[in-house]
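To be precise, the following lines are final_13.cif, and they hold mmCIF, C-alpha atoms and all ligand atoms.
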data_work
#
loop_
_atom_site.label_atom_id
_atom_site.label_comp_id
_atom_site.auth_asym_id
_atom_site.auth_seq_id
_atom_site.Cartn_x
_atom_site.Cartn_y
_atom_site.Cartn_z
CA MET A 1 0.52 45.06 -23.87
CA THR A 2 -2.07 42.33 -23.63
CA THR A 3 -1.05 39.07 -22.08
CA THR A 4 -2.90 36.06 -23.39
CA LYS A 5 -4.90 34.26 -20.82
CA ILE A 6 -4.61 30.56 -20.12
CA ARG A 7 -7.62 28.90 -21.67
CA ILE A 8 -9.43 26.26 -19.60
CA ALA A 9 -12.23 23.93 -20.62
CA THR A 10 -14.24 21.88 -18.14
CA THR A 11 -16.88 19.21 -18.38
CA SER A 12 -18.82 16.76 -16.26
CA LEU A 13 -19.27 13.27 -17.71
CA ALA A 14 -20.55 10.46 -15.45
CA GLY A 15 -20.16 12.62 -12.37
CA CYS A 16 -22.47 14.53 -10.06
CA PHE A 17 -21.20 18.08 -10.69
CA GLY A 18 -19.74 17.99 -7.19
CA CYS A 19 -16.26 18.68 -8.54
CA HIS A 20 -17.55 21.73 -10.39
CA MET A 21 -19.34 22.94 -7.27
CA SER A 22 -16.16 22.46 -5.27
CA PHE A 23 -14.21 24.39 -7.93
CA LEU A 24 -16.60 27.29 -7.37
CA ASP A 25 -15.89 27.07 -3.63
CA MET A 26 -12.83 29.16 -4.47
CA ASP A 27 -15.30 32.02 -3.99
CA GLU A 28 -13.58 35.42 -4.22
CA ARG A 29 -10.33 33.75 -5.22
CA LEU A 30 -12.01 33.07 -8.55
CA VAL A 31 -11.77 36.79 -9.31
CA ALA A 32 -7.99 36.72 -9.04
CA LEU A 33 -7.85 33.51 -11.04
CA LEU A 34 -9.91 35.06 -13.82
CA GLU A 35 -7.18 37.65 -14.35
CA HIS A 36 -5.04 34.80 -15.65
CA VAL A 37 -7.49 32.35 -17.13
CA GLU A 38 -10.54 32.31 -19.36
CA PHE A 39 -13.08 29.55 -19.63
CA ASN A 40 -13.81 27.94 -22.94
CA ARG A 41 -16.18 24.95 -23.25
CA SER A 42 -17.64 24.49 -19.79
CA PRO A 43 -20.96 24.24 -17.99
CA LEU A 44 -19.89 27.58 -16.47
CA THR A 45 -19.94 29.30 -19.88
CA ASP A 46 -22.40 27.11 -21.76
CA ILE A 47 -19.98 27.03 -24.72
CA LYS A 48 -20.79 23.73 -26.41
CA HIS A 49 -17.50 22.78 -28.10
CA CYS A 50 -13.81 23.08 -27.33
CA ASP A 51 -11.49 25.47 -29.07
CA PRO A 52 -7.81 24.68 -28.63
CA CYS A 53 -7.21 25.04 -24.88
CA ASP A 54 -4.30 24.92 -22.47
CA ILE A 55 -5.98 22.90 -19.73
CA GLY A 56 -8.96 20.55 -19.74
CA LEU A 57 -10.58 19.57 -16.45
CA VAL A 58 -12.75 16.50 -16.75
CA GLU A 59 -15.11 15.42 -13.98
CA GLY A 60 -16.78 12.00 -13.98
CA GLY A 61 -16.02 8.68 -15.59
CA LEU A 62 -17.42 7.18 -18.77
CA CYS A 63 -20.89 5.64 -18.68
CA ASN A 64 -22.11 6.19 -22.25
CA ALA A 65 -21.01 6.78 -25.84
CA GLU A 66 -21.54 10.55 -25.54
CA ASN A 67 -19.07 10.68 -22.62
CA ILE A 68 -16.42 9.10 -24.81
CA LYS A 69 -17.09 11.54 -27.66
CA VAL A 70 -16.75 14.52 -25.31
CA LEU A 71 -13.63 13.11 -23.70
CA ARG A 72 -12.00 12.64 -27.10
CA GLU A 73 -12.87 16.23 -28.02
CA PHE A 74 -11.17 17.38 -24.81
CA ARG A 75 -8.10 15.26 -25.43
CA ALA A 76 -7.81 16.52 -29.01
CA ASN A 77 -8.05 20.17 -27.95
CA CYS A 78 -6.41 20.43 -24.52
CA LYS A 79 -2.65 20.50 -24.10
CA ILE A 80 -2.98 19.30 -20.52
CA LEU A 81 -5.80 16.99 -19.50
CA ILE A 82 -6.63 16.64 -15.81
CA ALA A 83 -8.84 13.84 -14.46
CA MET A 84 -10.54 15.62 -11.57
CA GLY A 85 -12.15 13.68 -8.78
CA ALA A 86 -12.70 10.04 -7.89
CA CYS A 87 -15.11 9.20 -10.74
CA ALA A 88 -12.77 10.44 -13.48
CA ILE A 89 -9.91 8.50 -11.89
CA ASN A 90 -11.51 5.11 -11.20
CA GLY A 91 -15.18 5.31 -12.12
CA GLY A 92 -16.22 6.29 -8.59
CA VAL A 93 -19.75 5.90 -7.27
CA PRO A 94 -21.34 5.46 -10.76
CA ALA A 95 -19.05 2.44 -11.22
CA MET A 96 -20.97 0.72 -8.42
CA ARG A 97 -23.39 -0.28 -11.17
CA ASN A 98 -20.62 -2.52 -12.50
CA HIS A 99 -21.67 -5.00 -9.82
CA PHE A 100 -24.78 -5.65 -11.89
CA ASP A 101 -25.57 -6.34 -15.52
CA LEU A 102 -26.72 -3.29 -17.41
CA ARG A 103 -30.07 -4.87 -18.16
CA GLU A 104 -30.62 -5.58 -14.46
CA CYS A 105 -29.98 -1.89 -13.69
CA LEU A 106 -32.38 -0.70 -16.39
CA GLU A 107 -35.08 -3.14 -15.31
CA GLU A 108 -34.69 -2.15 -11.69
CA VAL A 109 -35.21 1.51 -12.53
CA TYR A 110 -37.65 1.52 -15.44
CA ILE A 111 -39.60 -1.72 -15.06
CA ASN A 112 -39.62 -2.86 -11.44
CA GLY A 113 -38.86 0.41 -9.66
CA THR A 114 -41.26 1.76 -7.06
CA GLY A 115 -43.94 4.06 -8.44
CA VAL A 116 -43.15 3.27 -12.08
CA GLU A 117 -46.11 3.86 -14.40
CA GLN A 118 -46.09 2.48 -17.93
CA PRO A 119 -42.92 0.49 -17.40
CA GLN A 120 -40.56 0.56 -20.39
CA ILE A 121 -36.84 0.90 -20.93
CA PRO A 122 -36.21 4.22 -22.74
CA ASN A 123 -34.88 3.64 -26.24
CA ASP A 124 -35.17 6.97 -28.03
CA THR A 125 -32.45 7.28 -30.69
CA GLU A 126 -31.48 10.64 -29.18
CA LEU A 127 -30.32 8.92 -26.01
CA PRO A 128 -26.62 8.06 -25.93
CA LEU A 129 -25.94 4.34 -25.75
CA LEU A 130 -24.93 3.17 -22.30
CA LEU A 131 -21.63 1.40 -21.87
CA ASP A 132 -21.66 -2.09 -20.48
CA LYS A 133 -19.48 -0.87 -17.58
CA VAL A 134 -18.58 2.54 -16.20
CA ARG A 135 -14.88 3.13 -16.88
CA PRO A 136 -12.20 5.64 -15.83
CA LEU A 137 -10.92 8.24 -18.30
CA SER A 138 -7.51 6.61 -18.54
CA ASP A 139 -9.10 3.55 -20.17
CA VAL A 140 -9.76 5.67 -23.27
CA VAL A 141 -7.32 8.61 -23.41
CA GLN A 142 -3.94 9.60 -22.03
CA VAL A 143 -4.42 11.59 -18.83
CA ASP A 144 -1.71 14.07 -17.81
CA TYR A 145 -2.65 14.71 -14.18
CA TYR A 146 -4.86 13.13 -11.57
CA LEU A 147 -6.53 15.25 -8.92
CA PRO A 148 -8.07 12.88 -6.35
CA GLY A 149 -10.89 13.70 -4.00
CA CYS A 150 -14.65 13.32 -3.81
CA PRO A 151 -14.58 16.16 -4.54
CA PRO A 152 -11.12 17.73 -4.59
CA SER A 153 -11.25 20.85 -2.43
CA ALA A 154 -11.09 24.40 -3.79
CA ASN A 155 -7.56 24.57 -2.38
CA ASP A 156 -6.62 21.45 -4.35
CA PHE A 157 -7.83 23.14 -7.55
CA LEU A 158 -5.99 26.35 -6.77
CA ARG A 159 -2.79 24.49 -5.99
CA ILE A 160 -2.68 22.52 -9.23
CA LEU A 161 -3.77 25.48 -11.36
CA SER A 162 -1.21 27.84 -9.81
CA GLN A 163 1.57 25.36 -10.51
CA LEU A 164 0.44 24.93 -14.11
CA LEU A 165 -0.07 28.68 -14.60
CA GLU A 166 3.54 29.21 -13.57
CA GLY A 167 4.52 26.78 -16.28
CA LYS A 168 5.64 24.18 -13.74
CA GLN A 169 4.86 20.49 -13.54
CA ALA A 170 2.02 19.96 -11.12
CA VAL A 171 3.11 18.10 -7.98
CA ILE A 172 0.64 16.73 -5.46
CA PRO A 173 2.75 15.58 -2.52
CA ALA A 174 2.15 12.37 -0.55
CA ASN A 175 -0.34 12.73 2.32
CA SER A 176 -1.75 15.96 0.88
CA PHE A 177 -4.80 14.45 -0.82
CA HIS A 178 -7.81 12.31 -0.05
CA PHE A 179 -9.88 9.75 -1.91
CA ASP A 180 -13.09 10.69 -0.05
CA MET B 1 29.05 -7.91 21.03
CA GLN B 2 25.57 -6.64 20.25
CA ASN B 3 23.50 -7.88 17.37
CA THR B 4 23.07 -5.03 14.91
CA ILE B 5 21.74 -4.49 11.40
CA ILE B 6 21.86 -1.39 9.23
CA ILE B 7 18.70 0.03 7.68
CA ASP B 8 19.18 2.94 5.28
CA GLY B 9 22.52 3.72 6.90
CA GLN B 10 21.15 3.64 10.46
CA GLU B 11 22.56 0.99 12.76
CA ILE B 12 19.98 -0.65 15.01
CA ILE B 13 20.11 -3.34 17.64
CA PHE B 14 17.99 -6.48 17.37
CA LYS B 15 17.19 -9.34 19.71
CA ASP B 16 17.63 -12.96 18.74
CA GLY B 17 14.56 -14.28 17.00
CA GLN B 18 13.44 -10.92 15.64
CA THR B 19 12.71 -10.38 11.98
CA ILE B 20 13.94 -7.30 10.11
CA MET B 21 10.42 -5.88 10.55
CA ASP B 22 10.38 -6.51 14.32
CA ALA B 23 13.77 -4.87 14.73
CA ALA B 24 12.82 -1.90 12.55
CA LEU B 25 9.53 -1.27 14.37
CA ALA B 26 11.26 -1.55 17.75
CA ALA B 27 13.74 1.09 16.57
CA LYS B 28 10.83 3.26 15.29
CA ILE B 29 11.79 2.77 11.67
CA TYR B 30 8.76 2.38 9.45
CA ILE B 31 8.79 -0.29 6.76
CA PRO B 32 5.50 -0.15 4.81
CA HIS B 33 3.23 -3.14 5.47
CA LEU B 34 -0.39 -4.18 5.19
CA CYS B 35 -0.51 -7.91 5.99
CA HIS B 36 1.74 -7.68 9.02
CA TYR B 37 0.52 -6.96 12.53
CA PRO B 38 2.92 -7.17 15.46
CA GLY B 39 1.91 -10.10 17.64
CA LEU B 40 0.61 -12.31 14.83
CA THR B 41 2.72 -14.80 12.90
CA PRO B 42 4.07 -12.97 9.85
CA HIS B 43 2.92 -14.21 6.47
CA GLY B 44 4.77 -12.17 3.88
CA ASN B 45 1.95 -12.06 1.39
CA CYS B 46 1.31 -8.36 0.64
CA LYS B 47 4.91 -7.64 -0.39
CA LEU B 48 4.69 -4.01 0.68
CA CYS B 49 7.53 -4.62 3.13
CA THR B 50 9.92 -5.68 0.39
CA VAL B 51 13.37 -4.34 1.23
CA ASN B 52 16.70 -4.75 -0.45
CA LEU B 53 19.10 -7.02 1.38
CA GLY B 54 22.49 -7.25 -0.26
CA GLY B 55 21.04 -6.88 -3.76
CA LYS B 56 18.11 -9.23 -3.16
CA SER B 57 14.48 -8.34 -2.58
CA VAL B 58 13.14 -9.90 0.61
CA SER B 59 10.05 -9.47 2.78
CA ALA B 60 11.11 -7.69 5.95
CA CYS B 61 8.30 -9.31 7.96
CA THR B 62 9.50 -12.87 7.37
CA THR B 63 13.26 -12.48 7.05
CA PRO B 64 15.16 -13.05 10.30
CA ALA B 65 17.47 -10.23 11.35
CA MET B 66 21.11 -11.36 11.24
CA SER B 67 24.10 -9.44 12.43
CA GLY B 68 25.74 -7.30 9.77
CA GLN B 69 22.80 -7.13 7.35
CA GLN B 70 22.81 -4.02 5.14
CA ILE B 71 19.23 -3.16 4.23
CA SER B 72 17.73 -0.49 1.99
CA ASN B 73 14.15 0.42 2.81
CA ASN B 74 13.04 3.96 2.11
CA THR B 75 14.38 4.33 -1.43
CA ALA B 76 12.68 5.82 -4.48
CA GLU B 77 12.97 2.52 -6.33
CA LEU B 78 11.39 0.43 -3.56
CA ASN B 79 8.65 2.97 -2.97
CA GLU B 80 7.85 2.94 -6.66
CA ALA B 81 7.53 -0.85 -6.58
CA ARG B 82 5.34 -0.53 -3.46
CA THR B 83 3.14 1.97 -5.27
CA THR B 84 2.67 -0.52 -8.12
CA VAL B 85 1.74 -3.26 -5.64
CA THR B 86 -0.76 -0.90 -3.98
CA GLN B 87 -2.23 0.04 -7.36
CA MET B 88 -2.70 -3.64 -8.16
CA LEU B 89 -4.45 -4.20 -4.82
CA PHE B 90 -6.84 -1.37 -5.69
CA ILE B 91 -7.74 -2.51 -9.19
CA GLU B 92 -8.08 -6.20 -8.32
CA GLY B 93 -10.79 -5.38 -5.81
CA ASP B 94 -13.55 -2.85 -5.81
CA HIS B 95 -12.24 0.21 -4.04
CA ILE B 96 -14.70 3.06 -4.41
CA CYS B 97 -13.60 4.98 -1.35
CA PRO B 98 -16.31 7.68 -1.36
CA SER B 99 -18.95 4.98 -0.88
CA CYS B 100 -16.98 2.81 1.55
CA GLU B 101 -17.70 2.86 5.28
CA LYS B 102 -14.03 2.29 6.03
CA THR B 103 -12.81 5.43 4.31
CA GLY B 104 -10.48 7.41 6.56
CA ASN B 105 -9.86 4.35 8.73
CA CYS B 106 -8.48 2.20 5.93
CA LYS B 107 -4.86 1.13 5.72
CA LEU B 108 -4.91 0.44 2.00
CA GLN B 109 -6.09 3.98 1.41
CA ALA B 110 -3.61 5.39 3.92
CA MET B 111 -0.83 3.45 2.17
CA ALA B 112 -1.83 5.11 -1.10
CA TYR B 113 -1.63 8.51 0.64
CA HIS B 114 1.76 7.65 2.11
CA LEU B 115 3.15 6.54 -1.25
CA GLY B 116 1.66 9.51 -3.12
CA MET B 117 -0.49 7.22 -5.27
CA LEU B 118 -2.78 9.57 -7.18
CA ASP B 119 -4.31 7.05 -9.57
CA GLU B 120 -4.52 3.32 -10.08
CA HIS B 121 -2.55 3.18 -13.32
CA PHE B 122 -4.00 -0.18 -14.38
CA SER B 123 -7.47 -0.74 -15.73
CA PRO B 124 -9.84 -1.72 -12.91
CA PHE B 125 -11.20 -5.28 -12.79
CA TYR B 126 -14.47 -4.34 -11.08
CA PRO B 127 -14.80 -7.91 -9.76
CA ARG B 128 -18.09 -9.25 -8.51
CA ARG B 129 -17.56 -11.11 -5.28
CA GLU B 130 -20.00 -12.46 -2.78
CA ILE B 131 -21.19 -10.28 0.08
CA ASP B 132 -22.08 -12.04 3.33
CA ALA B 133 -24.62 -9.97 5.24
CA SER B 134 -26.02 -12.95 7.13
CA HIS B 135 -24.64 -12.03 10.54
CA PRO B 136 -26.72 -9.54 12.55
CA ALA B 137 -23.71 -7.49 13.61
CA ILE B 138 -20.87 -8.20 11.17
CA LEU B 139 -20.68 -7.65 7.41
CA LEU B 140 -18.25 -9.32 5.05
CA ASP B 141 -17.80 -7.60 1.69
CA ARG B 142 -15.31 -9.69 -0.23
CA SER B 143 -15.00 -7.15 -3.03
CA ARG B 144 -12.73 -5.11 -0.77
CA CYS B 145 -10.74 -8.01 0.68
CA ILE B 146 -7.02 -7.81 -0.11
CA LEU B 147 -6.36 -11.37 1.13
CA CYS B 148 -3.96 -10.13 3.78
CA ASP B 149 -4.89 -13.14 5.94
CA LEU B 150 -4.96 -11.05 9.13
CA CYS B 151 -8.49 -12.14 10.06
CA VAL B 152 -7.51 -15.77 9.49
CA ARG B 153 -4.51 -15.50 11.81
CA ALA B 154 -6.25 -13.32 14.41
CA SER B 155 -9.08 -15.82 14.68
CA ARG B 156 -6.75 -18.80 15.08
CA GLU B 157 -3.95 -17.29 17.14
CA ILE B 158 -5.71 -14.78 19.38
CA ASP B 159 -9.44 -15.52 19.40
CA GLY B 160 -8.86 -19.27 19.70
CA LYS B 161 -11.37 -19.92 16.91
CA ASN B 162 -11.02 -20.75 13.24
CA VAL B 163 -13.59 -18.59 11.53
CA PHE B 164 -11.80 -17.73 8.29
CA ALA B 165 -9.59 -19.31 5.65
CA ILE B 166 -8.33 -18.38 2.22
CA ALA B 167 -9.36 -20.80 -0.53
CA GLY B 168 -8.42 -20.96 -4.20
CA ARG B 169 -5.29 -19.77 -5.91
CA GLY B 170 -4.12 -16.77 -7.89
CA ILE B 171 -6.90 -14.52 -9.08
CA ALA B 172 -9.45 -17.08 -7.83
CA ALA B 173 -8.21 -16.85 -4.23
CA HIS B 174 -10.97 -15.74 -1.89
CA LEU B 175 -11.88 -15.58 1.75
CA ILE B 176 -14.16 -18.33 3.05
CA VAL B 177 -15.98 -18.73 6.34
CA ASN B 178 -15.58 -22.01 8.18
CA SER B 179 -19.17 -22.78 9.08
CA SER B 180 -21.65 -25.40 7.93
CA SER B 181 -23.37 -22.97 5.55
CA GLY B 182 -20.25 -20.99 4.74
CA LYS B 183 -22.03 -17.95 6.19
CA LEU B 184 -20.88 -15.78 9.07
CA VAL B 185 -24.14 -16.15 10.94
CA ASP B 186 -23.42 -19.85 11.43
CA SER B 187 -19.85 -19.28 12.61
CA ASP B 188 -18.79 -18.54 16.18
CA ILE B 189 -17.43 -15.06 15.39
CA ASP B 190 -18.15 -12.27 17.86
CA VAL B 191 -18.07 -8.51 17.48
CA SER B 192 -15.29 -8.25 20.06
CA ASP B 193 -13.05 -10.80 18.32
CA LEU B 194 -9.74 -9.54 17.02
CA ALA B 195 -10.66 -11.14 13.68
CA THR B 196 -13.65 -8.82 13.45
CA ASN B 197 -11.61 -5.74 14.20
CA ILE B 198 -8.29 -6.28 12.50
CA CYS B 199 -9.30 -6.02 8.86
CA PRO B 200 -7.12 -3.27 7.36
CA VAL B 201 -9.75 -2.46 4.72
CA GLY B 202 -13.53 -2.30 4.53
CA ALA B 203 -14.03 -6.04 3.98
CA ILE B 204 -15.05 -6.97 7.55
CA LEU B 205 -17.20 -4.25 9.07
CA ILE B 206 -19.23 -3.98 12.23
CA LYS B 207 -22.74 -3.04 11.21
CA GLU B 208 -24.47 0.19 12.23
CA GLN B 209 -21.28 1.83 13.47
CA SER B 210 -19.63 3.04 10.34
CA TYR B 211 -20.67 6.66 10.55
CA THR B 212 -20.41 7.25 14.29
CA ILE B 213 -17.20 9.12 13.50
CA PRO B 214 -17.72 11.44 10.54
CA ILE B 215 -15.50 11.44 7.45
CA GLY B 216 -12.74 13.98 7.99
CA LYS B 217 -12.28 13.07 11.68
CA ARG B 218 -11.11 9.48 11.24
CA ILE B 219 -7.80 7.79 12.01
CA TYR B 220 -5.92 8.69 8.85
CA ASP B 221 -7.49 12.14 8.70
CA GLN B 222 -5.47 12.86 11.86
CA GLN B 223 -2.41 10.62 11.54
CA THR B 224 -0.33 9.08 8.79
CA ILE B 225 0.06 5.34 8.36
CA VAL B 226 3.66 5.77 9.52
CA GLU B 227 2.57 7.20 12.88
CA VAL B 228 -0.09 4.54 13.33
CA GLY B 229 2.16 1.70 12.14
CA LEU B 230 4.83 2.55 14.66
CA GLN B 231 2.38 2.37 17.57
CA GLU B 232 0.59 -0.84 16.72
CA ALA B 233 0.67 -3.95 18.88
CA ILE B 234 -1.90 -6.39 20.16
CA SER B 235 -2.48 -5.28 23.71
CA GLU B 236 -1.70 -7.65 26.55
CA LYS B 237 -5.33 -7.21 27.55
CA THR B 238 -6.58 -8.51 24.20
CA LYS B 239 -4.23 -11.47 24.42
CA HIS B 240 -5.25 -12.13 28.00
CA ASP B 241 -8.99 -11.72 27.35
CA HIS B 242 -8.83 -14.46 24.81
CA ASP B 243 -6.66 -16.85 26.74
S1 LIG A 301 -11.46 -0.61 1.65
FE1 LIG A 301 -10.18 1.21 1.81
S2 LIG A 301 -9.31 1.51 -0.22
FE2 LIG A 301 -11.03 0.09 -0.40
S3 LIG A 301 -12.80 1.40 -0.88
FE3 LIG A 301 -12.76 1.15 1.35
S4 LIG A 301 -11.60 2.94 2.05
FE4 LIG A 301 -11.16 2.73 -0.12
S1 LIG A 302 -11.24 -9.83 5.17
FE1 LIG A 302 -9.85 -8.19 5.72
S2 LIG A 302 -8.49 -9.10 7.27
FE2 LIG A 302 -9.49 -10.80 6.19
S3 LIG A 302 -8.08 -11.36 4.52
FE3 LIG A 302 -9.57 -9.90 3.67
S4 LIG A 302 -8.59 -7.90 3.89
FE4 LIG A 302 -7.50 -9.31 5.25
#

Once more with this new file: its structure as structure tokens, please.
Amino acid sequence: MTTTKIRIATTSLAGCFGCHMSFLDMDERLVALLEHVEFNRSPLTDIKHCDPCDIGLVEGGLCNAENIKVLREFRANCKILIAMGACAINGGVPAMRNHFDLRECLEEVYINGTGVEQPQIPNDTELPLLLDKVRPLSDVVQVDYYLPGCPPSANDFLRILSQLLEGKQAVIPANSFHFD
Amino acid sequence: MQNTIIIDGQEIIFKDGQTIMDAALAAKIYIPHLCHYPGLTPHGNCKLCTVNLGGKSVSACTTPAMSGQQISNNTAELNEARTTVTQMLFIEGDHICPSCEKTGNCKLQAMAYHLGMLDEHFSPFYPRREIDASHPAILLDRSRCILCDLCVRASREIDGKNVFAIAGRGIAAHLIVNSSSGKLVDSDIDVSDLATNICPVGAILIKEQSYTIPIGKRIYDQQTIVEVGLQEAISEKTKHDHD
């Protein structure tokens, strides 16, 4: 008899991939996990689009139009959507640019930055349009679970996934998580 | 007959003149609070210490204890309301903990941990507020200020100065510095002042010290806000030093 595996998709939007790296910190415990789950769209598989999935793990907030498109694809395809890490939950470090106007940020980097040659603000049509402000996921889609941490630890990932794999509601008790 | 009140079914003794908060802390009962610090005049502005007294919501830090009071404190309903208040404090300011020097030593953050607040629920405001980096040793980042008023009271009541005040109303309320230029450098604040050290969040910071203790080994990495809150008091030495 073949048991169907739980299908997980992951992505990093306006994040630093730290959450994904921390996920991989499960090390050998990943082998046991892989007996129960398979990865669909994810930087770990290089699959580019979501099939219908059980769980979507989204790292990073929203800083451009492409982020929003990807997030909507995740929401449409994942039964359970988890905002993983500080940036997905409240914008995190990328949201520090919200202190400044977007144009100021672009000029600082591409016009006035140190060592800039041929100063110009990139405007290739292939580049996704930047949002005026970096925003959390919950500003655009319904989020089912929040997994705080910068990044959440491998144990945090294992805990939430084991609960969900058992078909339970995920519970993250008070005083068992961190925002840093 | 002794003066007693009942908090969550537990009868405790209070002394005349004590508030519900004073009596609770003396009996080692924790009532969540951010803008209260034993030894300073209570203000009742953060509303975290809201308890239920005979069907009414009151601030424990400002309500006098009176014999026979029946008080609910640690209930699911009140803690849910406290979580909402905490979420509003987060989104009204700019609380990006991973980039904040106060992380791990911050009461707002520790309150979120205590209440099991996993997200901020509301859409963040991302306000832009003025930073005052004028002082050589002390930084004021208003984007993290929760307007608890502790620095204002500490400066006036303990330090014997009058460095801070809160100006404006509602969403426009903000912390100001009482100096000719409005900048900290022109005030008489000192690093050792209670006002400099009492800020529950990362709004008033002592420069060049923030990473002497690494993240992971800080106050609320070792203790909960309940444990810390039950020990707090302005030491006699601090009071005396500033007499
Ligand atoms: S002041 Fe506290 S809650 Fe705000 S960012 Fe700093 S650590 Fe986080
Ligand atoms: S600076 Fe700190 S102590 Fe002063 S009112 Fe703001 S949060 Fe409170």

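Among the candidates A:Asn123, A:Ser153, A:Ser162, A:Asn98, the one nearest to chain B when counting all atoms listed in the file is A:Asn98.
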
Worksheet item: What lies within 12 Å of Arg156 in chain B using all atoms listed in the file, ignoring chain neighbours under 2 positions off, as number ranges by chain?
Response: B: 40-41, 149-154, 158-165, 178, 189, 193-195, 242-243

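What chain B places within 8 Å of chain A, counting only C-alpha atoms, is Ile96, Cys97, Pro98, Ser99, Thr103, Gly104, Gln109, Tyr113, His114, Leu115, Gly116, Met117, Leu118, Asp119, Glu120, His121, Ser123, Pro124, Tyr126, Pro127, Arg128, Ile215 and Thr224 of chain B.
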
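You will find CA of Glu80 in chain B at 26.2 Å from CA of Cys100 in chain B.
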
Item to complete: Using all atoms listed in the file, find each protein or nucleic acid residue lying at most 10 Å from ligand LIG 301 (chain A); present the set as a ChimeraX atom specification.
Response: /A:92,179-180 /B:86,89-91,93-112,141,143-146,199-204

Can you tell me, as a JSON list (two decimals) with C-alpha atoms, in the frame of the given file, which residues sit within 10 Å of (17.6, -17.0, 9.2) in the file's frame, using all atoms listed in the file?
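Now in point16.json:
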[["chain", "number", "residue", "atom", "x", "y", "z"],
["B", 17, "GLY", "CA", 14.56, -14.28, 17.00],
["B", 18, "GLN", "CA", 13.44, -10.92, 15.64],
["B", 19, "THR", "CA", 12.71, -10.38, 11.98],
["B", 62, "THR", "CA", 9.50, -12.87, 7.37],
["B", 63, "THR", "CA", 13.26, -12.48, 7.05],
["B", 64, "PRO", "CA", 15.16, -13.05, 10.30],
["B", 65, "ALA", "CA", 17.47, -10.23, 11.35],
["B", 66, "MET", "CA", 21.11, -11.36, 11.24]]

Could you model all heavy atoms for range 131-135 of chain A and present them as a PDB file, in the coordinates of the input?
ATOM      1  N   LEU A 131     -22.708   2.374 -21.826  1.00  0.00           N
ATOM      2  CA  LEU A 131     -21.630   1.400 -21.870  1.00  0.00           C
ATOM      3  C   LEU A 131     -21.990   0.242 -20.938  1.00  0.00           C
ATOM      4  O   LEU A 131     -22.687   0.435 -19.939  1.00  0.00           O
ATOM      5  CB  LEU A 131     -20.306   2.010 -21.410  1.00  0.00           C
ATOM      6  CG  LEU A 131     -19.807   3.255 -22.145  1.00  0.00           C
ATOM      7  CD1 LEU A 131     -18.461   3.679 -21.572  1.00  0.00           C
ATOM      8  CD2 LEU A 131     -19.679   2.992 -23.634  1.00  0.00           C
ATOM      9  N   ASP A 132     -21.455  -0.904 -21.267  1.00  0.00           N
ATOM     10  CA  ASP A 132     -21.660  -2.090 -20.480  1.00  0.00           C
ATOM     11  C   ASP A 132     -21.189  -1.868 -19.031  1.00  0.00           C
ATOM     12  O   ASP A 132     -21.838  -2.244 -18.064  1.00  0.00           O
ATOM     13  CB  ASP A 132     -20.842  -3.188 -21.177  1.00  0.00           C
ATOM     14  CG  ASP A 132     -20.873  -4.479 -20.450  1.00  0.00           C
ATOM     15  OD1 ASP A 132     -21.939  -4.784 -19.913  1.00  0.00           O
ATOM     16  OD2 ASP A 132     -19.845  -5.173 -20.419  1.00  0.00           O
ATOM     17  N   LYS A 133     -20.019  -1.196 -18.905  1.00  0.00           N
ATOM     18  CA  LYS A 133     -19.480  -0.870 -17.580  1.00  0.00           C
ATOM     19  C   LYS A 133     -19.058   0.587 -17.544  1.00  0.00           C
ATOM     20  O   LYS A 133     -18.632   1.125 -18.575  1.00  0.00           O
ATOM     21  CB  LYS A 133     -18.247  -1.726 -17.282  1.00  0.00           C
ATOM     22  CG  LYS A 133     -18.613  -3.121 -16.865  1.00  0.00           C
ATOM     23  CD  LYS A 133     -17.459  -3.847 -16.228  1.00  0.00           C
ATOM     24  CE  LYS A 133     -18.014  -5.118 -15.591  1.00  0.00           C
ATOM     25  NZ  LYS A 133     -17.084  -6.118 -15.282  1.00  0.00           N
ATOM     26  N   VAL A 134     -19.128   1.199 -16.382  1.00  0.00           N
ATOM     27  CA  VAL A 134     -18.580   2.540 -16.200  1.00  0.00           C
ATOM     28  C   VAL A 134     -17.059   2.408 -16.126  1.00  0.00           C
ATOM     29  O   VAL A 134     -16.556   1.514 -15.438  1.00  0.00           O
ATOM     30  CB  VAL A 134     -19.145   3.192 -14.918  1.00  0.00           C
ATOM     31  CG1 VAL A 134     -18.528   4.553 -14.677  1.00  0.00           C
ATOM     32  CG2 VAL A 134     -20.661   3.280 -15.002  1.00  0.00           C
ATOM     33  N   ARG A 135     -16.341   3.264 -16.836  1.00  0.00           N
ATOM     34  CA  ARG A 135     -14.880   3.130 -16.880  1.00  0.00           C
ATOM     35  C   ARG A 135     -14.209   4.454 -16.548  1.00  0.00           C
ATOM     36  O   ARG A 135     -14.792   5.521 -16.735  1.00  0.00           O
ATOM     37  CB  ARG A 135     -14.395   2.722 -18.286  1.00  0.00           C
ATOM     38  CG  ARG A 135     -15.115   1.620 -18.958  1.00  0.00           C
ATOM     39  CD  ARG A 135     -14.671   0.210 -18.705  1.00  0.00           C
ATOM     40  NE  ARG A 135     -13.479  -0.063 -17.938  1.00  0.00           N
ATOM     41  CZ  ARG A 135     -13.136  -1.281 -17.541  1.00  0.00           C
ATOM     42  NH1 ARG A 135     -13.891  -2.322 -17.809  1.00  0.00           N
ATOM     43  NH2 ARG A 135     -12.044  -1.474 -16.854  1.00  0.00           N
TER      44      ARG A 135
END
